[in-house]
$ cat protein.txt   # compact mmCIF, C-alpha atoms and all ligand atoms
# COMPACT_ATOMS: atom_id res chain seq x y z
CA MET A 126 91.20 200.10 102.06
CA ALA A 127 90.06 196.58 101.18
CA THR A 128 88.14 194.76 103.90
CA GLN A 129 86.99 191.14 104.23
CA GLY A 130 83.57 189.92 105.37
CA THR A 131 82.03 193.39 105.36
CA ARG A 132 78.28 193.33 106.03
CA ILE A 133 76.34 195.16 103.30
CA ARG A 134 72.69 196.01 102.65
CA ILE A 135 70.76 196.27 99.37
CA ALA A 136 69.43 199.82 99.68
CA CYS A 137 67.67 200.05 96.33
CA ALA A 138 67.10 197.91 93.23
CA GLU A 139 65.92 198.83 89.76
CA PRO A 140 65.45 196.78 86.58
CA LEU A 141 67.43 198.11 83.63
CA GLY A 142 65.72 196.63 80.60
CA PRO A 143 65.49 192.88 80.03
CA GLY A 144 69.10 192.02 80.77
CA ALA A 145 70.24 193.91 83.82
CA ARG A 146 69.48 195.02 87.35
CA LEU A 147 70.94 198.04 89.10
CA LEU A 148 71.66 197.60 92.83
CA ARG A 149 72.48 200.42 95.19
CA ILE A 150 74.44 199.07 98.14
CA GLU A 151 75.52 200.48 101.50
CA ARG A 152 77.73 199.10 104.22
CA ALA A 153 75.54 197.95 107.13
CA ASP A 154 77.74 199.93 109.55
CA GLY A 155 77.25 203.11 107.50
CA ALA A 156 80.99 203.49 106.83
CA GLU A 157 82.47 204.68 103.54
CA VAL A 158 83.43 202.04 100.97
CA GLY A 159 86.76 203.68 100.08
CA PHE A 160 86.93 202.69 96.41
CA ALA A 161 88.45 204.27 93.31
CA GLY A 162 86.67 204.20 89.94
CA GLY A 163 87.41 200.95 88.08
CA GLN A 164 87.60 198.83 91.22
CA TYR A 165 85.31 195.93 92.10
CA VAL A 166 83.95 194.08 95.14
CA ILE A 167 83.48 190.34 95.66
CA ILE A 168 80.00 189.55 96.93
CA ASN A 169 79.34 186.39 98.90
CA THR A 170 75.92 185.50 97.49
CA GLY A 171 75.39 182.82 100.15
CA VAL A 172 74.48 180.32 97.42
CA THR A 173 76.16 176.94 97.93
CA LEU A 174 77.62 175.48 94.74
CA PRO A 175 77.39 171.73 93.95
CA GLY A 176 80.95 171.15 95.24
CA GLY A 177 80.06 172.73 98.61
CA LYS A 178 81.78 176.13 98.07
CA LEU A 179 79.91 179.41 98.38
CA ALA A 180 79.33 181.38 95.15
CA LYS A 181 81.42 184.55 95.57
CA ARG A 182 81.20 186.83 92.54
CA ALA A 183 83.00 190.03 91.50
CA TYR A 184 81.12 193.20 90.44
CA SER A 185 82.65 196.48 89.30
CA LEU A 186 81.35 199.65 90.90
CA LEU A 187 79.83 201.87 88.23
CA SER A 188 79.05 204.82 90.47
CA SER A 189 81.38 207.79 90.91
CA ASP A 190 83.93 207.53 93.70
CA ALA A 191 82.91 211.03 94.74
CA GLU A 192 80.07 209.19 96.59
CA GLN A 193 81.44 206.61 99.04
CA ARG A 194 78.54 205.79 101.37
CA ALA A 195 76.30 204.21 98.73
CA VAL A 196 77.67 202.54 95.61
CA GLU A 197 76.09 200.98 92.54
CA ILE A 198 76.61 197.76 90.64
CA ALA A 199 74.74 196.38 87.63
CA VAL A 200 74.21 192.64 87.29
CA LYS A 201 73.47 190.76 84.10
CA ARG A 202 71.47 187.57 84.62
CA ILE A 203 73.55 184.71 83.19
CA ALA A 204 71.36 181.71 82.17
CA ALA A 205 71.69 179.24 85.04
CA GLY A 206 74.42 181.19 86.83
CA PRO A 207 73.94 180.94 90.61
CA GLY A 208 75.36 184.32 91.64
CA SER A 209 73.79 186.55 88.99
CA ASN A 210 70.38 184.94 89.41
CA MET A 211 70.50 185.39 93.16
CA LEU A 212 71.43 189.09 92.81
CA SER A 213 68.82 189.59 90.07
CA ASP A 214 66.11 188.50 92.51
CA ILE A 215 67.42 189.66 95.89
CA ALA A 216 65.02 191.81 97.96
CA VAL A 217 65.68 195.42 98.92
CA GLY A 218 66.81 195.48 102.57
CA ALA A 219 68.52 192.06 102.36
CA GLU A 220 72.00 191.79 103.88
CA LEU A 221 75.04 189.98 102.49
CA GLU A 222 78.83 190.17 102.87
CA TRP A 223 81.47 191.41 100.48
CA SER A 224 85.24 191.83 100.38
CA GLY A 225 87.08 194.68 98.70
CA PRO A 226 87.37 197.03 97.01
CA TRP A 227 89.90 195.29 94.77
CA GLY A 228 91.63 195.91 91.47
CA LYS A 229 94.18 198.09 89.74
CA LEU A 230 92.14 199.03 86.68
CA ARG A 231 92.31 202.76 87.24
CA LEU A 232 93.97 205.87 85.94
CA PRO A 233 96.83 207.25 88.03
CA ASP A 234 95.95 210.00 90.51
CA GLY A 235 96.06 213.37 88.82
CA PHE A 236 95.93 211.85 85.31
CA SER A 237 95.47 214.68 82.83
CA GLY A 238 96.26 212.98 79.51
CA ARG A 239 94.12 211.22 76.95
CA ALA A 240 92.73 207.80 77.87
CA LEU A 241 90.97 205.07 75.91
CA VAL A 242 88.74 202.58 77.72
CA VAL A 243 87.82 199.45 75.74
CA ALA A 244 84.87 197.53 77.21
CA THR A 245 83.20 194.40 75.94
CA ASP A 246 79.84 193.16 77.19
CA THR A 247 79.41 193.69 80.97
CA GLY A 248 82.80 195.46 81.09
CA ILE A 249 80.95 198.73 80.51
CA THR A 250 80.40 198.93 84.30
CA ALA A 251 84.13 199.31 84.95
CA ALA A 252 84.38 201.77 82.05
CA LEU A 253 81.67 203.92 83.63
CA GLY A 254 83.36 203.80 87.03
CA ILE A 255 86.69 204.82 85.50
CA ALA A 256 85.20 207.60 83.38
CA ARG A 257 83.11 209.11 86.13
CA SER A 258 85.90 209.09 88.66
CA ALA A 259 88.59 210.34 86.25
CA ALA A 260 86.36 213.20 85.12
CA ALA A 261 85.65 214.15 88.73
CA ALA A 262 89.43 214.23 89.31
CA GLY A 263 89.98 216.57 86.34
CA ALA A 264 90.79 214.32 83.36
CA ARG A 265 89.73 216.06 80.16
CA GLN A 266 89.92 213.47 77.37
CA LEU A 267 88.31 210.09 77.90
CA GLU A 268 87.13 207.91 75.06
CA LEU A 269 85.05 204.81 75.69
CA LEU A 270 84.68 202.06 73.12
CA TRP A 271 81.96 199.48 73.94
CA LEU A 272 81.78 196.24 71.95
CA VAL A 273 78.37 194.73 72.57
CA GLU A 274 76.10 192.27 70.83
CA SER A 275 72.78 194.13 70.95
CA ALA A 276 70.91 196.97 72.61
CA ALA A 277 69.13 194.47 74.89
CA TYR A 278 72.31 192.71 76.01
CA PHE A 279 72.95 194.62 79.25
CA LEU A 280 72.81 198.31 80.19
CA PRO A 281 70.56 200.37 77.91
CA GLU A 282 72.44 202.99 75.87
CA PRO A 283 70.46 205.96 77.33
CA PHE A 284 71.42 204.83 80.85
CA VAL A 285 75.11 204.67 79.90
CA ARG A 286 75.07 208.04 78.12
CA ASP A 287 73.21 209.63 81.02
CA ARG A 288 75.90 208.43 83.45
CA LEU A 289 78.82 209.59 81.30
CA PRO A 290 80.62 212.77 82.31
CA ALA A 291 80.90 215.59 79.78
CA ALA A 292 84.64 214.88 79.40
CA ALA A 293 83.95 211.40 78.04
CA SER A 294 82.83 210.31 74.59
CA LEU A 295 81.27 206.93 73.85
CA THR A 296 81.46 204.84 70.69
CA ILE A 297 79.31 201.73 70.64
CA ALA A 298 80.36 198.95 68.30
CA GLY A 299 76.89 197.40 68.31
CA GLY A 300 76.02 194.14 66.61
CA PHE A 301 79.31 192.73 67.87
CA LEU A 302 79.75 188.95 67.62
CA PRO A 303 78.27 186.94 70.52
CA VAL A 304 80.41 185.66 73.41
CA GLY A 305 82.27 182.52 72.34
CA HIS A 306 82.23 183.27 68.59
CA PRO A 307 85.59 182.15 67.16
CA GLU A 308 86.06 185.36 65.15
CA ARG A 309 85.43 187.64 68.12
CA PRO A 310 89.08 188.29 69.08
CA ALA A 311 90.13 189.14 65.50
CA ARG A 312 87.11 191.43 64.99
CA ALA A 313 87.79 193.18 68.30
CA CYS A 314 91.46 193.67 67.40
CA ALA A 315 90.47 195.30 64.09
CA ILE A 316 88.02 197.67 65.81
CA ALA A 317 90.51 198.56 68.57
CA GLU A 318 93.22 199.16 65.95
CA GLU A 319 90.97 201.65 64.10
CA GLN A 320 90.34 203.40 67.40
CA LEU A 321 94.05 203.52 68.28
CA ALA A 322 94.72 205.26 64.97
CA ARG A 323 92.65 208.17 66.33
CA GLY A 324 95.17 208.50 69.19
CA PRO A 325 97.78 208.84 70.53
CA TYR A 326 96.57 207.78 73.96
CA ASP A 327 98.52 208.06 77.20
CA ALA A 328 96.68 205.13 78.78
CA VAL A 329 94.45 202.28 77.61
CA LEU A 330 92.20 200.35 80.00
CA CYS A 331 90.26 197.22 79.00
CA ALA A 332 87.43 195.37 80.79
CA GLY A 333 85.21 192.45 79.83
CA ASP A 334 85.75 189.22 77.88
CA GLY A 335 89.28 187.94 78.54
CA ALA A 336 89.23 185.81 75.37
CA VAL A 337 88.93 189.06 73.41
CA LEU A 338 90.84 191.55 75.53
CA TYR A 339 94.16 189.72 75.91
CA PRO A 340 94.59 189.63 72.10
CA VAL A 341 93.45 193.28 71.93
CA ARG A 342 96.03 194.24 74.54
CA ASP A 343 98.79 192.43 72.63
CA ARG A 344 97.72 194.07 69.36
CA LEU A 345 97.65 197.55 70.87
CA ALA A 346 101.08 197.01 72.45
CA SER A 347 102.48 195.85 69.09
CA LEU A 348 101.07 199.02 67.50
CA GLY A 349 102.95 201.22 69.90
CA ALA A 350 100.53 201.77 72.79
CA PRO A 351 102.75 203.00 75.64
CA GLU A 352 104.48 200.11 77.41
CA GLY A 353 102.79 199.18 80.71
CA ALA A 354 100.00 201.64 79.96
CA VAL A 355 97.50 199.04 78.73
CA LEU A 356 95.67 197.67 81.78
CA LEU A 357 93.20 194.81 81.66
CA GLU A 358 90.47 193.32 83.89
CA SER A 359 88.96 190.07 82.65
CA PHE A 360 85.33 189.62 83.80
CA PHE A 361 85.00 186.14 82.26
CA ASN A 362 86.92 183.81 79.92
CA ASN A 363 90.09 184.67 81.78
CA PRO A 364 92.85 182.73 79.98
CA LEU A 365 95.02 182.93 83.11
CA LYS A 366 92.49 180.89 85.14
CA LYS A 367 91.56 177.24 84.69
CA SER A 368 87.87 178.20 84.95
CA THR A 369 86.01 181.47 85.61
C1 LIG A 401 86.59 191.98 88.11
C2 LIG A 401 85.22 191.50 87.68
C3 LIG A 401 84.17 192.41 87.58
C4 LIG A 401 82.91 191.99 87.16
N1 LIG A 401 81.90 192.91 87.05
C5 LIG A 401 80.67 192.51 86.64
C6 LIG A 401 79.62 193.48 86.49
O1 LIG A 401 79.80 194.69 86.74
N2 LIG A 401 78.38 193.03 86.10
C7 LIG A 401 78.16 191.69 85.83
O2 LIG A 401 77.02 191.34 85.48
N3 LIG A 401 79.14 190.77 85.94
C8 LIG A 401 80.38 191.15 86.35
N4 LIG A 401 81.37 190.21 86.50
C9 LIG A 401 81.03 188.79 86.30
C10 LIG A 401 80.47 188.21 87.61
O3 LIG A 401 81.50 188.11 88.58
C11 LIG A 401 79.88 186.80 87.45
O4 LIG A 401 80.80 185.98 86.77
C12 LIG A 401 78.58 186.81 86.68
O5 LIG A 401 77.60 187.61 87.36
C13 LIG A 401 78.02 185.38 86.54
O6 LIG A 401 77.92 184.80 87.82
P1 LIG A 401 77.02 183.49 88.03
O7 LIG A 401 77.32 182.95 89.38
O8 LIG A 401 75.60 183.78 87.70
O9 LIG A 401 77.50 182.49 86.92
P2 LIG A 401 78.92 181.74 86.89
O10 LIG A 401 78.72 180.34 87.36
O11 LIG A 401 79.94 182.58 87.56
O12 LIG A 401 79.18 181.83 85.37
C14 LIG A 401 78.65 180.96 84.42
C15 LIG A 401 79.52 181.14 83.18
O13 LIG A 401 79.21 182.40 82.56
C16 LIG A 401 80.41 183.12 82.30
N5 LIG A 401 80.10 184.55 82.26
C17 LIG A 401 80.17 185.48 83.23
N6 LIG A 401 79.77 186.68 82.76
C18 LIG A 401 79.46 186.48 81.46
C19 LIG A 401 78.98 187.33 80.42
N7 LIG A 401 78.74 188.63 80.62
N8 LIG A 401 78.74 186.79 79.22
C20 LIG A 401 78.95 185.48 78.98
N9 LIG A 401 79.42 184.63 79.90
C21 LIG A 401 79.66 185.13 81.13
C22 LIG A 401 81.36 182.68 83.40
O14 LIG A 401 82.70 182.88 83.05
C23 LIG A 401 81.03 181.19 83.50
O15 LIG A 401 81.69 180.46 82.50
C24 LIG A 401 82.66 190.61 86.87
C25 LIG A 401 83.71 189.69 87.00
C26 LIG A 401 84.98 190.13 87.39
C27 LIG A 401 86.10 189.12 87.51
$ encode --input "protein.txt" --output "structure tokens"
Amino acid sequence: MATQGTRIRIACAEPLGPGARLLRIERADGAEVGFAGGQYVIINTGVTLPGGKLAKRAYSLLSSDAEQRAVEIAVKRIAAGPGSNMLSDIAVGAELEWSGPWGKLRLPDGFSGRALVVATDTGITAALGIARSAAAAGARQLELLWLVESAAYFLPEPFVRDRLPAAASLTIAGGFLPVGHPERPARACAIAEEQLARGPYDAVLCAGDGAVLYPVRDRLASLGAPEGAVLLESFFNNPLKKST
């Protein structure tokens, strides 16, 4: 169940290559988090933004929901971004607050069909959470497609493969266009279309760059992906928000 203002502690931190940091987090009261794979939490970083608001940032849980007392997130340091820089440098043992878990990017309970998860950029965290939890619940066919600019962009490939359950396969569309490139949505649609041709899929879940994934979702729906079965979580560039 989602909670507000929950006190949490950084139990462990580990660099993951040049672009990412893995944080293992526990509730300060020792209680279970109660999340399902694909969900996220909103961390109050305590950093005050220029307008006076606190920087509260969302992070998907990449650990399996079979383990509820300690969970993992991975943070990419974003240039001058206040939240990601704070979490990239925070000390082990430090305490913060979060709310959550939130989000509906998940496979239905008891899902036994064939699922495609399309992740761009940092969206691979949600893809890992979904895959690990679905496999633990008995899903047998999970295909992950990760569109990412370079090997150094975020999570290293060996880390991702190591965390993937045996039921899941991973295709990396490496050398993908950088965030903000005008041809990114069209290129992503073409790659997703090729992948859909390898279907049929009973469910499609997308996480990452909203500027790319909303067009991908529309394309997949127009190609006959089951109605209502394409779910989307925009990590940034959310076209439904004035700013992200
Ligand atoms: C549901 C959800 C789950 C998320 N999960 C993760 C996660 O697992 N790991 C993670 O690192 N981030 C994740 N994010 C993004 C995260 O919430 C922050 O936006 C990010 O860490 C940057 O925060 P910041 O305060 O440093 O910079 P901000 O001031 O928030 O952002 C600066 C700018 O960078 C953009 N931005 C954010 N992420 C990226 C990116 N990857 N590439 C390019 N531009 C970007 C923002 O939209 C904004 O325009 C998630 C976001 C959402 C909504």
$ residues_near_ligand --input "protein.txt" --ligand "ligand LIG 401 (chain A)" --cutoff "7 Å" --atoms "only C-alpha atoms and all ligand atoms" --output "PyMOL selection string"
chain A and resi 165+180+182-186+198-203+205-210+246-248+250-251+304+358-362+369
$ residues_near_point --input "protein.txt" --point "(86.5, 207.0, 90.6)" --cutoff "7 Å" --atoms "all atoms listed in the file" --output "list in words"
Ala161, Gly162, Gly163, Ser189, Asp190, Ala191, Gly254, Ile255, Arg257, Ser258 and Ala259 of chain A
$ closest_residue --input "protein.txt" --among "A:Ile135, A:Ala298, A:Ala354, A:Leu174" --to "Ala276 (chain A)" --atoms "all atoms listed in the file"
A:Ala298
$ residues_around --input "protein.txt" --residues "Ala292 (chain A)" --least-positions-apart "4" --cutoff "8 Å" --atoms "all atoms listed in the file" --output "list in words"
Ala260, Ala264, Arg265, Gln266 and Leu267 of chain A
$ closest_residue --input "protein.txt" --among "A:Glu157, A:Val166, A:Ala332, A:Ala219" --to "Val355 (chain A)" --atoms "all atoms listed in the file"
A:Ala332
$ atom_distance --input "protein.txt" --atom1 "CA of Arg152 (chain A)" --atom2 "CA of Pro226 (chain A)"
12.2 Å
$ residues_around --input "protein.txt" --residues "Trp223 (chain A)" --least-positions-apart "5" --cutoff "6 Å" --atoms "only C-alpha atoms" --output "ChimeraX atom specification"
/A:130-131,167-169
$ residues_around --input "protein.txt" --residues "region 239-245 of chain A" --least-positions-apart "4" --cutoff "6 Å" --atoms "only C-alpha atoms" --output "PyMOL selection string"
chain A and resi 249+266-273+326-333
$ atom_distance --input "protein.txt" --atom1 "CA of Asp214 (chain A)" --atom2 "CA of Phe160 (chain A)"
25.5 Å
$ atom_distance --input "protein.txt" --atom1 "CA of Ser237 (chain A)" --atom2 "CA of Ala262 (chain A)"
8.9 Å
$ residues_around --input "protein.txt" --residues "Gly144 (chain A)" --least-positions-apart "2" --cutoff "6 Å" --atoms "all atoms listed in the file" --output "ChimeraX atom specification"
/A:142,201,278-279
$ closest_residue --input "protein.txt" --among "A:Gly324, A:Gly335, A:Gly235, A:Gly300" --to "Ala350 (chain A)" --atoms "all atoms listed in the file"
A:Gly324
$ closest_residue --input "protein.txt" --among "A:Lys229, A:Arg288, A:Lys181, A:Arg132" --to "Glu197 (chain A)" --atoms "all atoms listed in the file"
A:Arg288
$ build_atoms --input "protein.txt" --residues "region 191-225 of chain A" --atoms "N, CA and C atoms" --output "CSV table (one decimal), in the coordinates of the input"
chain,number,residue,atom,x,y,z
A,191,ALA,N,83.2,209.8,93.9
A,191,ALA,CA,82.9,211.0,94.7
A,191,ALA,C,81.9,210.7,95.8
A,192,GLU,N,81.1,209.6,95.6
A,192,GLU,CA,80.1,209.2,96.6
A,192,GLU,C,80.5,207.8,97.2
A,193,GLN,N,80.9,207.8,98.4
A,193,GLN,CA,81.4,206.6,99.0
A,193,GLN,C,80.5,205.9,100.0
A,194,ARG,N,79.4,206.5,100.4
A,194,ARG,CA,78.5,205.8,101.4
A,194,ARG,C,77.5,204.8,100.7
A,195,ALA,N,77.2,205.1,99.5
A,195,ALA,CA,76.3,204.2,98.7
A,195,ALA,C,76.9,204.0,97.4
A,196,VAL,N,77.0,202.8,96.9
A,196,VAL,CA,77.7,202.5,95.6
A,196,VAL,C,76.7,201.7,94.8
A,197,GLU,N,77.0,201.7,93.4
A,197,GLU,CA,76.1,201.0,92.5
A,197,GLU,C,76.8,199.9,91.8
A,198,ILE,N,76.1,198.8,91.6
A,198,ILE,CA,76.6,197.8,90.6
A,198,ILE,C,75.5,197.4,89.7
A,199,ALA,N,75.8,196.9,88.5
A,199,ALA,CA,74.7,196.4,87.6
A,199,ALA,C,75.1,194.9,87.3
A,200,VAL,N,74.0,194.1,87.4
A,200,VAL,CA,74.2,192.6,87.3
A,200,VAL,C,73.5,192.1,86.1
A,201,LYS,N,74.1,191.4,85.2
A,201,LYS,CA,73.5,190.8,84.1
A,201,LYS,C,73.1,189.3,84.5
A,202,ARG,N,71.9,188.9,84.3
A,202,ARG,CA,71.5,187.6,84.6
A,202,ARG,C,72.1,186.6,83.6
A,203,ILE,N,72.9,185.7,84.1
A,203,ILE,CA,73.6,184.7,83.2
A,203,ILE,C,72.8,183.4,83.3
A,204,ALA,N,72.1,183.0,82.3
A,204,ALA,CA,71.4,181.7,82.2
A,204,ALA,C,71.2,181.1,83.5
A,205,ALA,N,71.9,179.9,83.8
A,205,ALA,CA,71.7,179.2,85.0
A,205,ALA,C,72.7,179.6,86.1
A,206,GLY,N,73.4,180.8,85.9
A,206,GLY,CA,74.4,181.2,86.8
A,206,GLY,C,73.9,181.4,88.2
A,207,PRO,N,74.5,180.8,89.2
A,207,PRO,CA,73.9,180.9,90.6
A,207,PRO,C,74.0,182.3,91.2
A,208,GLY,N,75.2,183.0,91.0
A,208,GLY,CA,75.4,184.3,91.6
A,208,GLY,C,74.5,185.4,91.0
A,209,SER,N,74.5,185.5,89.7
A,209,SER,CA,73.8,186.6,89.0
A,209,SER,C,72.3,186.4,89.2
A,210,ASN,N,71.8,185.1,89.2
A,210,ASN,CA,70.4,184.9,89.4
A,210,ASN,C,70.0,185.3,90.8
A,211,MET,N,70.8,185.0,91.8
A,211,MET,CA,70.5,185.4,93.2
A,211,MET,C,70.4,186.9,93.3
A,212,LEU,N,71.4,187.6,92.7
A,212,LEU,CA,71.4,189.1,92.8
A,212,LEU,C,70.4,189.7,91.9
A,213,SER,N,69.9,189.0,90.9
A,213,SER,CA,68.8,189.6,90.1
A,213,SER,C,67.5,189.5,90.8
A,214,ASP,N,67.4,188.7,91.8
A,214,ASP,CA,66.1,188.5,92.5
A,214,ASP,C,66.1,189.0,94.0
A,215,ILE,N,67.3,189.4,94.5
A,215,ILE,CA,67.4,189.7,95.9
A,215,ILE,C,66.5,190.9,96.3
A,216,ALA,N,66.0,190.8,97.5
A,216,ALA,CA,65.0,191.8,98.0
A,216,ALA,C,65.8,193.0,98.5
A,217,VAL,N,65.2,194.2,98.3
A,217,VAL,CA,65.7,195.4,98.9
A,217,VAL,C,65.6,195.2,100.4
A,218,GLY,N,66.7,195.6,101.1
A,218,GLY,CA,66.8,195.5,102.6
A,218,GLY,C,67.6,194.2,103.0
A,219,ALA,N,67.8,193.3,102.0
A,219,ALA,CA,68.5,192.1,102.4
A,219,ALA,C,70.0,192.4,102.7
A,220,GLU,N,70.6,191.6,103.5
A,220,GLU,CA,72.0,191.8,103.9
A,220,GLU,C,72.9,190.6,103.4
A,221,LEU,N,74.1,191.0,103.0
A,221,LEU,CA,75.0,190.0,102.5
A,221,LEU,C,76.4,190.4,103.0
A,222,GLU,N,77.5,189.7,102.6
A,222,GLU,CA,78.8,190.2,102.9
A,222,GLU,C,79.6,190.4,101.6
A,223,TRP,N,80.6,191.3,101.6
A,223,TRP,CA,81.5,191.4,100.5
A,223,TRP,C,82.9,191.6,101.0
A,224,SER,N,83.9,191.4,100.1
A,224,SER,CA,85.2,191.8,100.4
A,224,SER,C,85.6,192.9,99.3
A,225,GLY,N,86.6,193.7,99.7
A,225,GLY,CA,87.1,194.7,98.7
A,225,GLY,C,87.1,196.1,99.3
